[in-house]
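*Asks:* target-v2.txt is the file, holding compact mmCIF, C-alpha atoms:
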```
# COMPACT_ATOMS: atom_id res chain seq x y z
CA MET A 65 -2.11 28.40 -0.16
CA ILE A 66 0.03 26.44 2.28
CA PRO A 67 3.81 26.83 1.78
CA ILE A 68 6.09 23.81 2.27
CA ASN A 69 9.69 24.93 2.68
CA ILE A 70 11.46 21.78 3.88
CA ASP A 71 14.65 20.39 2.40
CA PRO A 72 13.82 16.85 1.15
CA ASN A 73 17.37 15.80 2.01
CA MET A 74 18.03 15.04 5.67
CA PHE A 75 21.81 14.53 5.48
CA SER A 76 24.45 12.61 3.57
CA ILE A 77 27.05 10.05 4.58
CA GLY A 78 29.74 10.20 1.94
CA PRO A 79 27.99 9.50 -1.37
CA LEU A 80 24.87 8.15 0.40
CA LEU A 81 22.03 10.65 0.54
CA ILE A 82 19.40 10.19 3.27
CA THR A 83 16.05 11.74 2.41
CA TRP A 84 12.81 12.21 4.29
CA HIS A 85 11.22 9.84 1.78
CA GLY A 86 13.65 7.07 2.65
CA PHE A 87 13.35 7.75 6.38
CA PHE A 88 9.55 7.60 6.54
CA SER A 89 9.45 4.64 4.16
CA ALA A 90 11.67 2.74 6.60
CA VAL A 91 9.58 3.85 9.58
CA GLY A 92 6.36 2.84 7.81
CA LEU A 93 7.81 -0.54 6.93
CA GLY A 94 8.91 -1.15 10.51
CA VAL A 95 5.62 -0.06 12.07
CA GLY A 96 3.54 -2.03 9.56
CA LEU A 97 5.60 -5.17 10.12
CA TRP A 98 5.45 -4.78 13.90
CA LEU A 99 1.66 -4.34 13.81
CA THR A 100 1.21 -7.36 11.54
CA ALA A 101 3.39 -9.58 13.75
CA ASN A 102 1.51 -8.60 16.89
CA MET A 103 -1.92 -9.08 15.30
CA VAL A 104 -0.95 -12.52 14.02
CA ALA A 105 0.52 -13.60 17.36
CA ALA A 106 -2.65 -12.48 19.15
CA ALA A 107 -4.93 -14.36 16.73
CA SER A 108 -3.10 -17.67 16.37
CA LYS A 109 -1.68 -20.32 18.65
CA THR A 110 0.34 -21.91 15.88
CA VAL A 111 1.80 -18.89 14.06
CA THR A 112 4.15 -16.63 16.01
CA ALA A 113 5.58 -13.16 15.50
CA ASP A 114 8.88 -14.81 14.53
CA ASP A 115 7.05 -16.60 11.72
CA VAL A 116 5.86 -13.24 10.40
CA TYR A 117 9.40 -11.87 10.45
CA SER A 118 10.59 -14.98 8.61
CA ILE A 119 7.98 -14.40 5.90
CA ALA A 120 9.05 -10.76 5.76
CA LEU A 121 12.58 -11.84 4.84
CA TRP A 122 11.03 -13.01 1.57
CA ALA A 123 8.24 -10.49 1.12
CA VAL A 124 10.06 -7.24 1.96
CA PRO A 125 12.91 -7.58 -0.57
CA GLY A 126 10.39 -8.64 -3.21
CA GLY A 127 8.24 -5.63 -2.34
CA ILE A 128 11.17 -3.22 -2.59
CA VAL A 129 12.23 -4.59 -5.96
CA GLY A 130 8.66 -4.56 -7.27
CA ALA A 131 8.02 -1.04 -5.97
CA ARG A 132 11.10 0.41 -7.64
CA LEU A 133 10.70 -1.58 -10.85
CA LEU A 134 7.14 -0.42 -11.48
CA TYR A 135 8.11 3.18 -10.67
CA VAL A 136 10.97 3.03 -13.17
CA LEU A 137 8.67 1.56 -15.82
CA GLU A 138 6.12 4.32 -15.17
CA ASN A 139 8.75 7.07 -15.30
CA ALA A 140 11.32 5.74 -17.75
CA TYR A 141 11.90 9.22 -19.15
CA LEU A 142 13.47 10.29 -15.83
CA PHE A 143 16.31 7.80 -16.28
CA ALA A 144 16.99 8.24 -19.98
CA ASN A 145 20.15 10.28 -19.30
CA ASN A 146 21.02 8.61 -16.00
CA PRO A 147 20.34 4.85 -16.12
CA LEU A 148 22.13 4.22 -12.81
CA GLY A 149 19.64 6.54 -11.13
CA MET A 150 17.07 3.76 -11.24
CA PHE A 151 18.96 2.09 -8.39
CA ALA A 152 18.95 5.20 -6.15
CA ILE A 153 15.83 4.15 -4.27
CA ASN A 154 16.96 6.03 -1.15
CA GLU A 155 16.37 9.29 -3.03
CA GLY A 156 12.69 8.48 -3.54
CA GLY A 157 10.48 6.99 -6.20
CA ILE A 158 8.52 3.82 -5.51
CA SER A 159 5.17 2.40 -6.57
CA ILE A 160 2.89 0.98 -3.89
CA TYR A 161 1.27 -1.38 -6.36
CA GLY A 162 4.67 -2.68 -7.32
CA ALA A 163 5.37 -3.30 -3.63
CA VAL A 164 2.10 -5.18 -3.16
CA ILE A 165 2.68 -7.40 -6.20
CA GLY A 166 6.38 -7.90 -5.54
CA GLY A 167 5.87 -8.68 -1.86
CA THR A 168 2.77 -10.87 -2.12
CA LEU A 169 4.21 -13.44 -4.51
CA PRO A 170 7.31 -14.49 -2.51
CA GLY A 171 5.32 -14.25 0.74
CA ALA A 172 2.68 -16.59 -0.65
CA ILE A 173 5.35 -19.02 -1.85
CA TYR A 174 6.95 -19.08 1.58
CA CYS A 175 3.59 -19.70 3.28
CA SER A 176 2.85 -22.55 0.88
CA ARG A 177 6.20 -24.23 1.46
CA SER A 178 6.10 -23.80 5.24
CA HIS A 179 2.38 -24.71 5.53
CA LYS A 180 1.36 -21.39 7.08
CA PRO A 181 -2.25 -20.12 6.88
CA LEU A 182 -1.94 -17.71 3.98
CA ALA A 183 -5.39 -16.11 4.19
CA MET A 184 -5.12 -15.40 7.92
CA LEU A 185 -1.68 -13.86 7.48
CA ALA A 186 -2.68 -11.86 4.40
CA ASP A 187 -5.63 -10.27 6.22
CA ARG A 188 -3.41 -8.85 8.95
CA ALA A 189 -0.59 -7.97 6.58
CA MET A 190 -2.93 -5.72 4.60
CA ILE A 191 -3.79 -3.71 7.71
CA GLY A 192 -0.11 -3.33 8.57
CA LEU A 193 0.67 -2.44 4.96
CA LEU A 194 -2.01 0.25 4.81
CA LEU A 195 -0.77 1.86 8.03
CA GLY A 196 2.82 1.68 6.77
CA GLN A 197 1.77 3.29 3.48
CA GLY A 198 0.21 6.18 5.34
CA ILE A 199 3.38 6.79 7.34
CA GLY A 200 5.51 6.55 4.22
CA ARG A 201 3.41 9.23 2.52
CA ILE A 202 4.69 11.77 5.07
CA GLY A 203 8.05 11.59 3.30
CA ASP A 204 6.35 12.07 -0.07
CA ILE A 205 4.65 15.21 1.22
CA ILE A 206 7.95 16.67 2.42
CA ASN A 207 9.84 15.75 -0.73
CA GLY A 208 7.20 17.06 -3.12
CA GLU A 209 7.04 13.80 -5.04
CA HIS A 210 4.10 12.65 -7.16
CA HIS A 211 3.19 16.05 -8.56
CA GLY A 212 -0.34 17.24 -7.90
CA ARG A 213 -2.48 19.08 -10.42
CA GLU A 214 -2.60 22.87 -10.35
CA ALA A 215 -5.03 24.27 -7.79
CA PHE A 216 -4.93 28.06 -8.01
CA ASP A 217 -8.34 28.63 -6.44
CA PHE A 218 -8.32 25.78 -3.92
CA PRO A 219 -7.86 27.12 -0.35
CA PHE A 220 -5.88 24.06 0.78
CA SER A 221 -3.45 23.91 -2.13
CA VAL A 222 0.25 23.73 -1.30
CA VAL A 223 3.26 25.51 -2.74
CA TYR A 224 6.74 24.00 -2.55
CA THR A 225 9.37 26.68 -2.09
CA HIS A 226 12.62 24.99 -1.05
CA PRO A 227 15.34 25.04 -3.75
CA ASN A 228 15.92 21.27 -3.39
CA THR A 229 12.27 20.28 -3.58
CA LEU A 230 11.19 17.59 -6.00
CA GLY A 231 7.88 19.40 -6.35
CA GLU A 232 7.04 22.10 -8.88
CA ARG A 233 8.46 25.09 -7.06
CA GLY A 234 6.18 28.11 -6.76
CA LEU A 235 3.16 26.38 -8.30
CA PRO A 236 0.01 25.90 -6.15
CA VAL A 237 -1.05 22.26 -6.44
CA HIS A 238 -3.32 19.67 -4.86
CA LEU A 239 -1.56 17.74 -2.09
CA ALA A 240 -2.61 14.43 -3.66
CA VAL A 241 -0.31 12.27 -1.54
CA GLY A 242 -1.76 14.01 1.52
CA TYR A 243 -5.24 12.94 0.47
CA GLU A 244 -3.93 9.40 0.17
CA LEU A 245 -2.31 9.59 3.61
CA VAL A 246 -5.70 10.41 5.15
CA TYR A 247 -7.58 7.55 3.52
CA ASP A 248 -4.71 5.13 4.24
CA LEU A 249 -5.06 5.81 7.97
CA VAL A 250 -8.87 5.82 7.92
CA PHE A 251 -9.13 2.56 6.00
CA SER A 252 -6.47 0.84 8.10
CA TRP A 253 -8.79 1.42 11.05
CA LEU A 254 -11.89 0.31 9.10
CA LEU A 255 -10.15 -2.89 8.00
CA THR A 256 -9.31 -3.58 11.64
CA VAL A 257 -13.02 -3.34 12.43
CA LEU A 258 -13.86 -5.60 9.48
CA LEU A 259 -11.30 -8.18 10.60
CA LYS A 260 -13.20 -8.70 13.86
CA LYS A 261 -16.51 -9.25 12.05
CA GLN A 262 -15.58 -11.22 8.94
CA PRO A 263 -17.05 -14.73 8.76
CA ARG A 264 -13.93 -16.28 7.21
CA ASP A 265 -10.27 -15.54 6.59
CA GLY A 266 -9.32 -13.76 3.39
CA LEU A 267 -12.04 -11.12 3.34
CA THR A 268 -9.86 -8.33 4.73
CA PHE A 269 -7.26 -9.02 2.03
CA TRP A 270 -9.85 -8.54 -0.70
CA ALA A 271 -11.36 -5.53 1.07
CA TYR A 272 -7.91 -3.92 0.98
CA GLN A 273 -7.67 -4.48 -2.77
CA ALA A 274 -11.08 -2.88 -3.27
CA VAL A 275 -10.77 0.16 -0.99
CA TYR A 276 -7.17 0.93 -1.89
CA GLY A 277 -7.92 0.47 -5.58
CA PHE A 278 -10.85 2.88 -5.33
CA GLY A 279 -8.70 5.34 -3.38
CA ARG A 280 -5.94 5.33 -5.99
CA LEU A 281 -8.50 5.71 -8.76
CA TRP A 282 -9.92 8.79 -7.02
CA VAL A 283 -6.62 10.39 -5.96
CA GLY A 284 -5.20 9.89 -9.43
CA PHE A 285 -7.46 12.65 -10.75
CA PHE A 286 -5.59 15.11 -8.51
CA ARG A 287 -2.14 13.94 -9.67
CA LYS A 288 -0.02 14.46 -12.76
CA ASP A 289 0.68 10.93 -13.93
CA THR A 290 1.65 9.43 -17.25
CA LEU A 291 -1.58 8.23 -18.87
CA VAL A 292 -1.65 4.60 -19.95
CA VAL A 293 -5.35 3.84 -20.61
CA GLY A 294 -7.41 6.78 -21.82
CA PRO A 295 -7.55 9.36 -19.01
CA LEU A 296 -6.12 6.92 -16.43
CA GLY A 297 -2.56 6.63 -15.15
CA MET A 298 -0.84 3.38 -14.21
CA ALA A 299 -1.94 3.42 -10.55
CA GLN A 300 -5.50 4.31 -11.54
CA THR A 301 -5.60 1.50 -14.08
CA LEU A 302 -4.32 -1.03 -11.55
CA GLY A 303 -6.71 0.38 -8.96
CA LEU A 304 -9.67 -0.04 -11.29
CA ILE A 305 -8.66 -3.62 -12.03
CA GLY A 306 -8.33 -4.23 -8.29
CA VAL A 307 -11.85 -2.93 -7.66
CA LEU A 308 -13.38 -4.94 -10.50
CA VAL A 309 -11.75 -8.14 -9.27
CA ALA A 310 -11.94 -7.66 -5.51
CA VAL A 311 -15.55 -6.52 -5.09
CA PRO A 312 -17.22 -9.63 -6.59
CA VAL A 313 -14.72 -11.91 -4.80
CA PHE A 314 -15.47 -10.15 -1.51
CA ILE A 315 -19.25 -10.45 -2.01
CA TYR A 316 -18.92 -14.12 -2.92
CA MET A 317 -16.74 -14.91 0.10
CA TRP A 318 -19.05 -13.09 2.52
CA ARG A 319 -21.94 -15.44 1.73
CA PRO A 320 -23.14 -17.58 4.66
CA SER A 321 -21.58 -21.01 4.93
CA PRO A 322 -23.97 -23.79 3.84
CA PRO A 323 -25.42 -25.78 6.75
CA ALA A 324 -23.64 -29.03 7.51
CA VAL A 325 -25.46 -32.10 6.18
CA ALA A 326 -25.16 -35.32 8.12
CA SER A 327 -24.08 -38.30 6.05
CA PRO A 328 -26.50 -41.25 5.70
CA ALA A 329 -24.04 -43.47 7.53
CA ALA A 330 -23.95 -41.12 10.49
CA GLY A 331 -27.76 -40.99 10.58
CA HIS A 332 -27.95 -44.80 10.51
CA ARG A 333 -25.54 -45.07 13.44
CA ASN A 334 -27.54 -42.49 15.41
CA ALA A 335 -30.76 -44.40 14.77
CA ARG A 336 -29.24 -47.66 16.00
CA ALA A 337 -27.93 -45.94 19.11
```
Let's see the structure in the file written out as structure tokens.
*Replies:*
Amino acid sequence: MIPINIDPNMFSIGPLLITWHGFFSAVGLGVGLWLTANMVAAASKTVTADDVYSIALWAVPGGIVGARLLYVLENAYLFANNPLGMFAINEGGISIYGAVIGGTLPGAIYCSRSHKPLAMLADRAMIGLLLGQGIGRIGDIINGEHHGREAFDFPFSVVYTHPNTLGERGLPVHLAVGYELVYDLVFSWLLTVLLKKQPRDGLTFWAYQAVYGFGRLWVGFFRKDTLVVGPLGMAQTLGLIGVLVAVPVFIYMWRPSPPAVASPAAGHRNARA
């Protein structure tokens, strides 16, 4: 068993508590946004890094609200005696799927109104998002959030021992968020490879939905989550829906483009020439 004896709280400024979760979430957001902006600027002559940051002014607040809202809905029992605690996002507790949904909608609206190439931007945003998610999970590991299932006989189980931990102190568990951190980083690299080979824009976006959905479905079996559909938690259910939708869309979009067919008028002009 691997002991984790780290205080989840970094320091406080008056009533404001700064946690490792909040710190690494902010770092992940910054790194993911920086990577997205640089990838977009390198791929387009018409869309700049400043355009990405402008879109982020819409997408990031929407993502934060969506991430916290879905977490609160999933864990309503935690706030039954402390309703104001639902606003203490700096202390931890967000849902990645809530962030994706909450951030995608306003970002897409902004792109539509400003006539930006949504599919091209979404492809690169998913890579930045996946890398940012992986970095953010470091804070979850330290804090002990998202309780793992008991793992008494597993040699790589972890035991949280700090008095302030949000984990189940003294209980050997699977480090489920650590498993997710690994596949976040691996798949961010694989999506970068895919981006260079895809025949059209939009494929990397759908690949993200498929691989991340599968990952959450798998990791969910090592976590203690509130069940919503049979043996599946909320993230697993959304992940399964993501896989079922994204895989056929991805396959359909990967098909070769039909060969161009010359119009009869063009052929007539060529014959006369």
*Asks:* Around the point (-7.2, 13.1, -12.1) in the file's coordinates, collect all residues with an atom within 10 Å, using all atoms listed in the file, and return them as a ChimeraX atom specification.
*Replies:* /A:212-213,240,280-289,295-297,300
*Asks:* Suppose you want the space between atom CA of Glu244 of chain A and atom CA of Leu304 of chain A; what is it in Å?
*Replies:*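 The value is 15.9 Å.
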*Asks:* Find the residues of segment 194-234 of chain A that sit at most 8 Å from segment 245-257 of chain A; for each, write down the nearest two atoms and how far apart they are in Å, to one decimal. Count all atoms listed in the file. Sort by chain, then by number going up, and give it as a tab-separated table.
*Replies:*
```
residue	atom	partner	partner_atom	distance
A:Leu194	CA	A:Ser252	CA	5.6
A:Leu195	CA	A:Ser252	CA	5.8
A:Gln197	CA	A:Asp248	CA	6.8
A:Gly198	CA	A:Leu245	CA	4.6
A:Ile199	CA	A:Leu245	CA	7.4
A:Arg201	CA	A:Leu245	CA	5.8
A:Ile202	CA	A:Leu245	CA	7.5
```
*Asks:* Can you write just those residues out, C-alpha atoms, as a PDB file, keeping the file's coordinate frame?
*Replies:*
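Resulting contents of selection.pdb:
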```pdb
ATOM      1  CA  LEU A 194      -2.010   0.250   4.810  1.00  0.00           C
ATOM      2  CA  LEU A 195      -0.770   1.860   8.030  1.00  0.00           C
ATOM      3  CA  GLN A 197       1.770   3.290   3.480  1.00  0.00           C
ATOM      4  CA  GLY A 198       0.210   6.180   5.340  1.00  0.00           C
ATOM      5  CA  ILE A 199       3.380   6.790   7.340  1.00  0.00           C
ATOM      6  CA  ARG A 201       3.410   9.230   2.520  1.00  0.00           C
ATOM      7  CA  ILE A 202       4.690  11.770   5.070  1.00  0.00           C
TER       8      ILE A 202
END
```
*Asks:* Set the distance at 10 Å and use only C-alpha atoms: which residues neighbour His226 of chain A once local chain neighbours fewer than 4 positions away are removed? I'd like the list as an MDAnalysis selection string.
*Replies:* chainID A and resid 67:72 207:208 230:231 233:234
*Asks:* Can you tell me which residues surround Asp265 of chain A at a distance of at most 12 Å, considering only C-alpha atoms, apart from same-chain residues fewer than 2 positions away, and format the answer as a PyMOL selection string?
*Replies:* chain A and resi 107+181-188+258-263+267-271+314+317-318
*Asks:* Of the candidates A:Thr229, A:Thr290, A:Ser108, A:Thr168, which one gets nearest to Ile205 of chain A if we count all atoms listed in the file?
*Replies:* A:Thr229
*Asks:* Quick one: residues within 8 Å of Leu193 of chain A, all atoms listed in the file counted, chain neighbours fewer than 2 positions away excluded, as JSON, numbers by chain?
*Replies:* {"A": [93, 96, 97, 189, 190, 191, 195, 196, 197]}
*Asks:* Nearest to Ile305 of chain A: which of A:Val237, A:Ile206, A:Tyr161, A:Asn228 is it, counting only C-alpha atoms?
*Replies:* A:Tyr161
